[in-house]
Amino acid sequence: RVLVTEWVAGRHLSDLSREEGTRMTNMAVDAVTASLVLTGFVHADPHEGNIMLGDDGRLYFLDFGLMSEVRAEIMEAFAYGIQCVLNKDWRGLVTAFVQTGFVGTPIEYREDTTGEFGSGSPEAMAAELEERMESVPGGTSRFGALSTVLFDMGNQWRMYTPPYIILLIRTFLTLEGIAGQVDPNFNIYEVSLPWAVRRALSPSTSAGEEALRGALLASDNTLRWDRVNELIEQQQLAAPAGEQQAVEAEGAAEGASAAAAAEGPVGG
């Protein structure tokens with residue numbers, strides 16, 4: 001086994017200006033989301049000590065001891081879920097939960113928290129999600145708000161936590177905490193959206209292809225131009241920093257995957 005190291009010249013968040021910190025945070029969320037929905041190999045511990053803004057202006061990840069591998073069908077489900085939150089498509093979000101394995105099939109529910117679980121409907125779960133997400137502060141902008149809602153709902157709806165779910169929740173909560181230090185109004189879903197749209201438009205599984213077909217084609221196989229325009233508008237609105245930042249973030253995601261592979265076996 002060979003341990004590979006590389007010296008990186010750069011600064012951590014505490015040494016950056018607000019503008020630099022905002023830029024680094026946006027790049028970090030971009031890179032992690034690209035890893036989550038495109039490469040499937042995610043840095044699961046992106047705390048302040050593990051990310052740097054290099055002197056060359058690039059984003060650097062450090063310490064690849066905690067990584068998470070994500071299967072293609074899970075990547076597509078996460079991408080779909082990001083779009084659903086921003087579109088307030090709560091029924092679709094329930095579908096994304098099922099696809100990721102966070103919620104089982106059939107969906108299970110209990111009226112009394114001390115009782116046994118019985119059959120629950122996706123429509124009822126979606127209705128409760130809508131009510132809670134619309135009332136909690138930051139419901140459609142903060143991943144932490146969604147985590148809080150799901151934690152509360154877990155008393156009555158049966159939910160599962162596969163290892164990759166726990167790592168990915170940790171990853172996004174950590175990034176959101178960093179983002180809150182430089183921009184209290186940071187919307188992690190909007191920054192993630194371009195990558196979610198990109199994944200949705202290039203599915204690699206039969207389920208993803210069927211979802212894309214259903215999203216873009218009407219029942220008579222004619223193109224739904226309203227949906228096409230909506231996807232284009234989402235892509236444009238969610239990428240205010242321009243294409244260069246997206247290129248840098250994708251490079252960081254690919255670089256993190258390569259560096260982690262070179263470092264040898266990883267946890268997670």
# chains A, B, ... in the order shown; residues from 1 in each chain; ligands from 1
$ residues_around --residues "A:Pro163" --least-positions-apart "4" --cutoff "12 Å" --atoms "only C-alpha atoms" --output "MDAnalysis selection string"
chainID A and resid 44 67:70 100:102 167:170 267:268
$ select_by_dssp --residues "stretch 10-104 of chain A" --states "helix (DSSP H, G or I)" --output "VMD selection string"
chain A and resid 13 to 15 18 to 39 48 to 50 72 to 87 90 to 100
$ closest_residue --among "A:Val37, A:Ala196, A:Met27, A:Ile188" --to "A:Cys84" --atoms "only C-alpha atoms"
A:Ala196
$ closest_residue --among "A:Glu116, A:Glu6, A:Glu176, A:Glu123" --to "A:Ser147" --atoms "only C-alpha atoms"
A:Glu176
$ closest_residue --among "A:Thr33, A:Thr148, A:Thr5, A:Asn50" --to "A:Ile178" --atoms "only C-alpha atoms"
A:Asn50
$ closest_residue --among "A:Thr161, A:Thr140, A:Thr114, A:Thr174" --to "A:Asn87" --atoms "only C-alpha atoms"
A:Thr140
$ closest_residue --among "A:Met159, A:Arg224, A:Pro106, A:Leu36" --to "A:Glu73" --atoms "only C-alpha atoms"
A:Leu36
$ atom_distance --atom1 "atom CA of A:Asp45" --atom2 "atom CA of A:Ile165"
13.5 Å
$ closest_residue --among "A:Gly65, A:Gly154, A:Gly10, A:Pro46" --to "A:Ala179" --atoms "only C-alpha atoms"
A:Pro46
$ atom_distance --atom1 "atom CA of A:Asp183" --atom2 "atom CA of A:Tyr80"
25.6 Å
$ residues_around --residues "A:Pro122" --least-positions-apart "6" --cutoff "10 Å" --atoms "only C-alpha atoms" --output "list in words"
Trp90, Arg91, Gly92, Leu93, Val94, Thr95, Val98, Pro106, Ile107, Glu108 and Glu128 of chain A
$ atom_distance --atom1 "atom CA of A:Val8" --atom2 "atom CA of A:Phe64"
14.5 Å
$ residues_around --residues "A:Glu20" --least-positions-apart "3" --cutoff "12 Å" --atoms "only C-alpha atoms" --output "number ranges by chain"
A: 10-17, 23-27, 52-55, 57-59, 179, 182-183
$ write_last_selection --atoms "C-alpha atoms" --output "PDB file, in the first residue's frame"
ATOM      1  CA  GLY A  10      -3.805  28.049   0.538  1.00  0.00           C
ATOM      2  CA  ARG A  11      -5.970  29.380   3.361  1.00  0.00           C
ATOM      3  CA  HIS A  12      -8.867  28.112   5.452  1.00  0.00           C
ATOM      4  CA  LEU A  13     -12.169  29.934   5.979  1.00  0.00           C
ATOM      5  CA  SER A  14     -11.000  31.784   9.094  1.00  0.00           C
ATOM      6  CA  ASP A  15      -8.259  33.495   7.050  1.00  0.00           C
ATOM      7  CA  LEU A  16     -10.479  34.540   4.145  1.00  0.00           C
ATOM      8  CA  SER A  17     -12.376  37.725   3.468  1.00  0.00           C
ATOM      9  CA  ARG A  23     -16.681  31.989  -3.219  1.00  0.00           C
ATOM     10  CA  MET A  24     -15.017  29.021  -1.533  1.00  0.00           C
ATOM     11  CA  THR A  25     -18.288  27.904   0.059  1.00  0.00           C
ATOM     12  CA  ASN A  26     -20.140  28.038  -3.249  1.00  0.00           C
ATOM     13  CA  MET A  27     -17.373  26.042  -4.892  1.00  0.00           C
ATOM     14  CA  MET A  52      -9.035  25.364   1.517  1.00  0.00           C
ATOM     15  CA  LEU A  53      -9.013  28.134  -1.030  1.00  0.00           C
ATOM     16  CA  GLY A  54      -5.697  27.633  -2.794  1.00  0.00           C
ATOM     17  CA  ASP A  55      -3.351  30.483  -3.610  1.00  0.00           C
ATOM     18  CA  GLY A  57      -7.804  30.356  -6.646  1.00  0.00           C
ATOM     19  CA  ARG A  58      -8.869  26.720  -6.777  1.00  0.00           C
ATOM     20  CA  LEU A  59     -10.797  24.758  -4.152  1.00  0.00           C
ATOM     21  CA  ALA A 179     -22.095  28.661   4.454  1.00  0.00           C
ATOM     22  CA  VAL A 182     -20.366  33.835   5.279  1.00  0.00           C
ATOM     23  CA  ASP A 183     -23.954  34.271   4.067  1.00  0.00           C
TER      24      ASP A 183
END
$ residues_around --residues "A:Ile51" --least-positions-apart "6" --cutoff "7 Å" --atoms "only C-alpha atoms" --output "list in words"
His12, Tyr60, Phe61 and Leu62 of chain A
$ write_last_selection --atoms "all heavy atoms" --output "tab-separated table (two decimals), in the first residue's frame"
chain	number	residue	atom	x	y	z
A	12	HIS	N	-7.58	28.61	4.98
A	12	HIS	CA	-8.87	28.11	5.45
A	12	HIS	C	-9.85	29.27	5.61
A	12	HIS	O	-9.49	30.45	5.50
A	12	HIS	CB	-8.68	27.37	6.77
A	12	HIS	CG	-7.90	26.10	6.65
A	12	HIS	ND1	-8.41	24.98	6.06
A	12	HIS	CD2	-6.63	25.79	7.04
A	12	HIS	CE1	-7.50	24.02	6.09
A	12	HIS	NE2	-6.41	24.48	6.67
A	60	TYR	N	-9.62	23.23	-2.67
A	60	TYR	CA	-8.91	22.00	-2.34
A	60	TYR	C	-9.60	21.29	-1.19
A	60	TYR	O	-9.94	21.92	-0.18
A	60	TYR	CB	-7.45	22.29	-1.96
A	60	TYR	CG	-6.59	22.67	-3.14
A	60	TYR	CD1	-6.42	24.01	-3.51
A	60	TYR	CD2	-5.93	21.69	-3.89
A	60	TYR	CE1	-5.65	24.36	-4.60
A	60	TYR	CE2	-5.14	22.04	-4.98
A	60	TYR	CZ	-5.00	23.37	-5.32
A	60	TYR	OH	-4.23	23.71	-6.40
A	61	PHE	N	-9.79	19.99	-1.34
A	61	PHE	CA	-10.26	19.14	-0.25
A	61	PHE	C	-9.06	18.45	0.38
A	61	PHE	O	-8.13	18.03	-0.33
A	61	PHE	CB	-11.23	18.07	-0.76
A	61	PHE	CG	-12.59	18.60	-1.11
A	61	PHE	CD1	-12.90	18.96	-2.41
A	61	PHE	CD2	-13.57	18.73	-0.14
A	61	PHE	CE1	-14.16	19.44	-2.74
A	61	PHE	CE2	-14.84	19.22	-0.46
A	61	PHE	CZ	-15.12	19.57	-1.76
A	62	LEU	N	-9.07	18.31	1.70
A	62	LEU	CA	-8.02	17.63	2.42
A	62	LEU	C	-8.61	16.42	3.16
A	62	LEU	O	-9.80	16.40	3.46
A	62	LEU	CB	-7.37	18.57	3.44
A	62	LEU	CG	-6.95	19.95	2.94
A	62	LEU	CD1	-6.41	20.79	4.09
A	62	LEU	CD2	-5.90	19.85	1.83
